[in-house]
Amino acid sequence: MKALALWFVAAPLAAQSLPPAREPVAELPGAGRPVNLAATTARRDALFSRLPPGIVIVPSAGSRDLETDVLQDSDFRQDDDFFYLTGLETPEAVLLLTRPADAPQRTVLFLPPRDPAQEAWTGLRLGPGPEASRLSGIPTVLSTEALDSVRAVELALASGPIYTVARGPASDSAVAATWARQGRRDLVNLAPVLDSMRLVKDADEIARLRRAIEITVEAQLAAMRAMKPGMKEYQIEATVEYVFRDRGADRVGFPSIIGSGPNSTTLHYDVNRRTIEDGDLVVMDIGAEYGQYTADVTRTVPANGRFTPRQRAIYELVLATQQAALEAVKPGVTVGELNGIARRYLREHSGDLCRPRTCDAFFVHGLSHWLGMRVHDVGDYRMPLQAGMVLTIEPGIYLSEERLGVRIEDDVLVTLTGYELLSGGAPRSAADVEHTMKHGATDAIR
Ligand SMILES: [Mn+2]
């Protein structure tokens, strides 16, 4: 009620001070956030420069159908490759890049024609025309109804194969398959080239990742402050995801993992229904998605705010292992080498903790994965690190007989000389975790 009353008071004032109405198209929900025109143009140019002559077809994601699709997991989410090359969140679109052998390259965006009857259901959509050109930075934006006639022209003008993305067994694009068949061209998978480009993030991508990670760090802090024995795991999940949406995250990058006690040793546990008990450790592996990019940050905390000596000893070994791997991050090193460094550190510093074995026997997953538009992002793991790559460093020890699992995961940007810890705002040391839980206990979510 209070908010409503304030709105009544503020509305006339706000109306007077509003800037001149923007062009209506800027308000189109289908257009999504503003496109970074310099970044998307540079990506398309880089793709052109890496390809021999041919025709590239990249489709967007399709609309989702309330009657036939399983919608509970997510709303519409753009195809990552299409988003990478256009920055657009509009469905049912096609990007065409033609690189003839001896003529200038051409870029055409195809959008479904506007359909007022449909828009009563879906809201306004971005349609073909000059507004779409201005928003996308692509000079030629045609209706998808023109695809067939453009196909005839392009196939006559440009030689070479049809390039498109195939991430499953078949091509992701029916349009591309039709063009290849009609033109008797080979269909060549664009994924390896796109993957190697997507592996090294540009400034726009790093800014999006920073925001996603910043939001996720806030959620970790809120979860630590809220945590107490007797809560359900889903209540911590709710705290986390409240912060995500409240800070403008679009969705979760993956299902939130809140694993307490025995569930702390299940790597991808996301049922989140158990009652958190006094004496439990709780693994919180969470990531907000912002502007198509996701974070992935894990913290492990004692439910009652104090690690037992045994929990602390295991925790500190995992943390020291993570630190050893972090300090080795720099251009030229491979993920395989980092993994080896972490395993060797765990083995050599186990002492009696995991007797009769060494603790590396209980580190049952890989140390790192690439991070980007996908939480396990695309890219070849044999590639030596270079500046602009973003990866996780996440050692863990899982002792299921003791119902004791610890994972600490941070997101790292490779720099020219080493690394930048992007998620360091979430407490890492046992002392900092305990301090945050103790002194933040009465704080409401900010
Ligand atoms: Mn991860």
# chains A, B, ... in the order shown; residues from 1 in each chain; ligands from 1
$ select_by_dssp --residues "segment 113-292 of chain A" --states "helix (DSSP H, G or I)" --output "PyMOL selection string"
chain A and resi 116-122+130-136+144-157+174-183+191-199+203-226+233-246+261-265
$ select_by_dssp --residues "segment 138-182 of chain A" --states "strand (DSSP E)" --output "PyMOL selection string"
chain A and resi 140-143+162-164
$ residues_around --residues "segment 298-309 of chain A" --least-positions-apart "4" --cutoff "6 Å" --atoms "only C-alpha atoms" --output "list in words"
Lys228, Pro229, Asp278, Asp280, Leu281, Val282, Val283, Met284, Asp285, Val406, Ile408, Glu409, Glu434 and Met437 of chain A
$ write_last_selection --atoms "N, CA, C and O atoms" --output "tab-separated table (two decimals), in the first residue's frame"
chain	number	residue	atom	x	y	z
A	228	LYS	N	20.52	-20.91	8.96
A	228	LYS	CA	20.51	-21.44	10.33
A	228	LYS	C	19.89	-22.83	10.34
A	228	LYS	O	19.07	-23.16	9.47
A	229	PRO	N	20.28	-23.65	11.32
A	229	PRO	CA	19.72	-25.00	11.40
A	229	PRO	C	18.20	-24.93	11.51
A	229	PRO	O	17.67	-24.00	12.13
A	278	ASP	N	21.68	-28.87	12.55
A	278	ASP	CA	22.82	-28.37	13.32
A	278	ASP	C	24.01	-29.29	13.07
A	278	ASP	O	23.86	-30.52	13.13
A	280	ASP	N	25.62	-29.59	10.22
A	280	ASP	CA	25.80	-29.84	8.78
A	280	ASP	C	26.76	-28.84	8.16
A	280	ASP	O	26.82	-27.68	8.58
A	281	LEU	N	27.43	-29.30	7.10
A	281	LEU	CA	27.99	-28.36	6.14
A	281	LEU	C	26.96	-28.20	5.02
A	281	LEU	O	26.22	-29.13	4.70
A	282	VAL	N	26.93	-27.02	4.42
A	282	VAL	CA	26.00	-26.77	3.32
A	282	VAL	C	26.79	-26.24	2.12
A	282	VAL	O	27.46	-25.20	2.22
A	283	VAL	N	26.73	-27.00	1.02
A	283	VAL	CA	27.37	-26.57	-0.23
A	283	VAL	C	26.35	-25.75	-1.02
A	283	VAL	O	25.24	-26.21	-1.29
A	284	MET	N	26.73	-24.53	-1.38
A	284	MET	CA	25.84	-23.64	-2.14
A	284	MET	C	26.53	-23.29	-3.47
A	284	MET	O	27.47	-22.49	-3.50
A	285	ASP	N	26.09	-23.95	-4.54
A	285	ASP	CA	26.70	-23.80	-5.86
A	285	ASP	C	25.68	-23.10	-6.74
A	285	ASP	O	24.70	-23.71	-7.15
A	406	VAL	N	32.91	-30.58	0.81
A	406	VAL	CA	33.37	-29.19	0.72
A	406	VAL	C	33.75	-28.91	-0.73
A	406	VAL	O	34.55	-29.64	-1.32
A	408	ILE	N	34.80	-25.33	-3.06
A	408	ILE	CA	34.98	-23.88	-3.13
A	408	ILE	C	35.26	-23.56	-4.59
A	408	ILE	O	36.18	-24.11	-5.18
A	409	GLU	N	34.43	-22.70	-5.15
A	409	GLU	CA	34.52	-22.43	-6.59
A	409	GLU	C	34.52	-20.94	-6.85
A	409	GLU	O	33.64	-20.21	-6.37
A	434	GLU	N	32.76	-17.50	8.76
A	434	GLU	CA	32.16	-17.47	10.10
A	434	GLU	C	31.80	-16.04	10.51
A	434	GLU	O	30.75	-15.79	11.10
A	437	MET	N	28.67	-14.94	8.74
A	437	MET	CA	27.47	-15.60	9.26
A	437	MET	C	27.09	-15.04	10.63
A	437	MET	O	25.90	-14.88	10.94
$ residues_near_ligand --ligand "ligand 1" --cutoff "12 Å" --atoms "only C-alpha atoms and all ligand atoms" --output "MDAnalysis selection string"
chainID A and resid 253:257 267:268 284:287 294:299 365:372 374:377 390:396 407:412
$ atom_distance --atom1 "atom CA of Ala158 of chain A" --atom2 "atom CA of Arg185 of chain A"
10.9 Å
$ atom_distance --atom1 "atom CA of Ala219 of chain A" --atom2 "atom CA of Arg274 of chain A"
20.1 Å
$ closest_residue --among "A:Gln311, A:Thr216, A:Thr334, A:Asn189" --to "Pro161 of chain A" --atoms "only C-alpha atoms"
A:Asn189
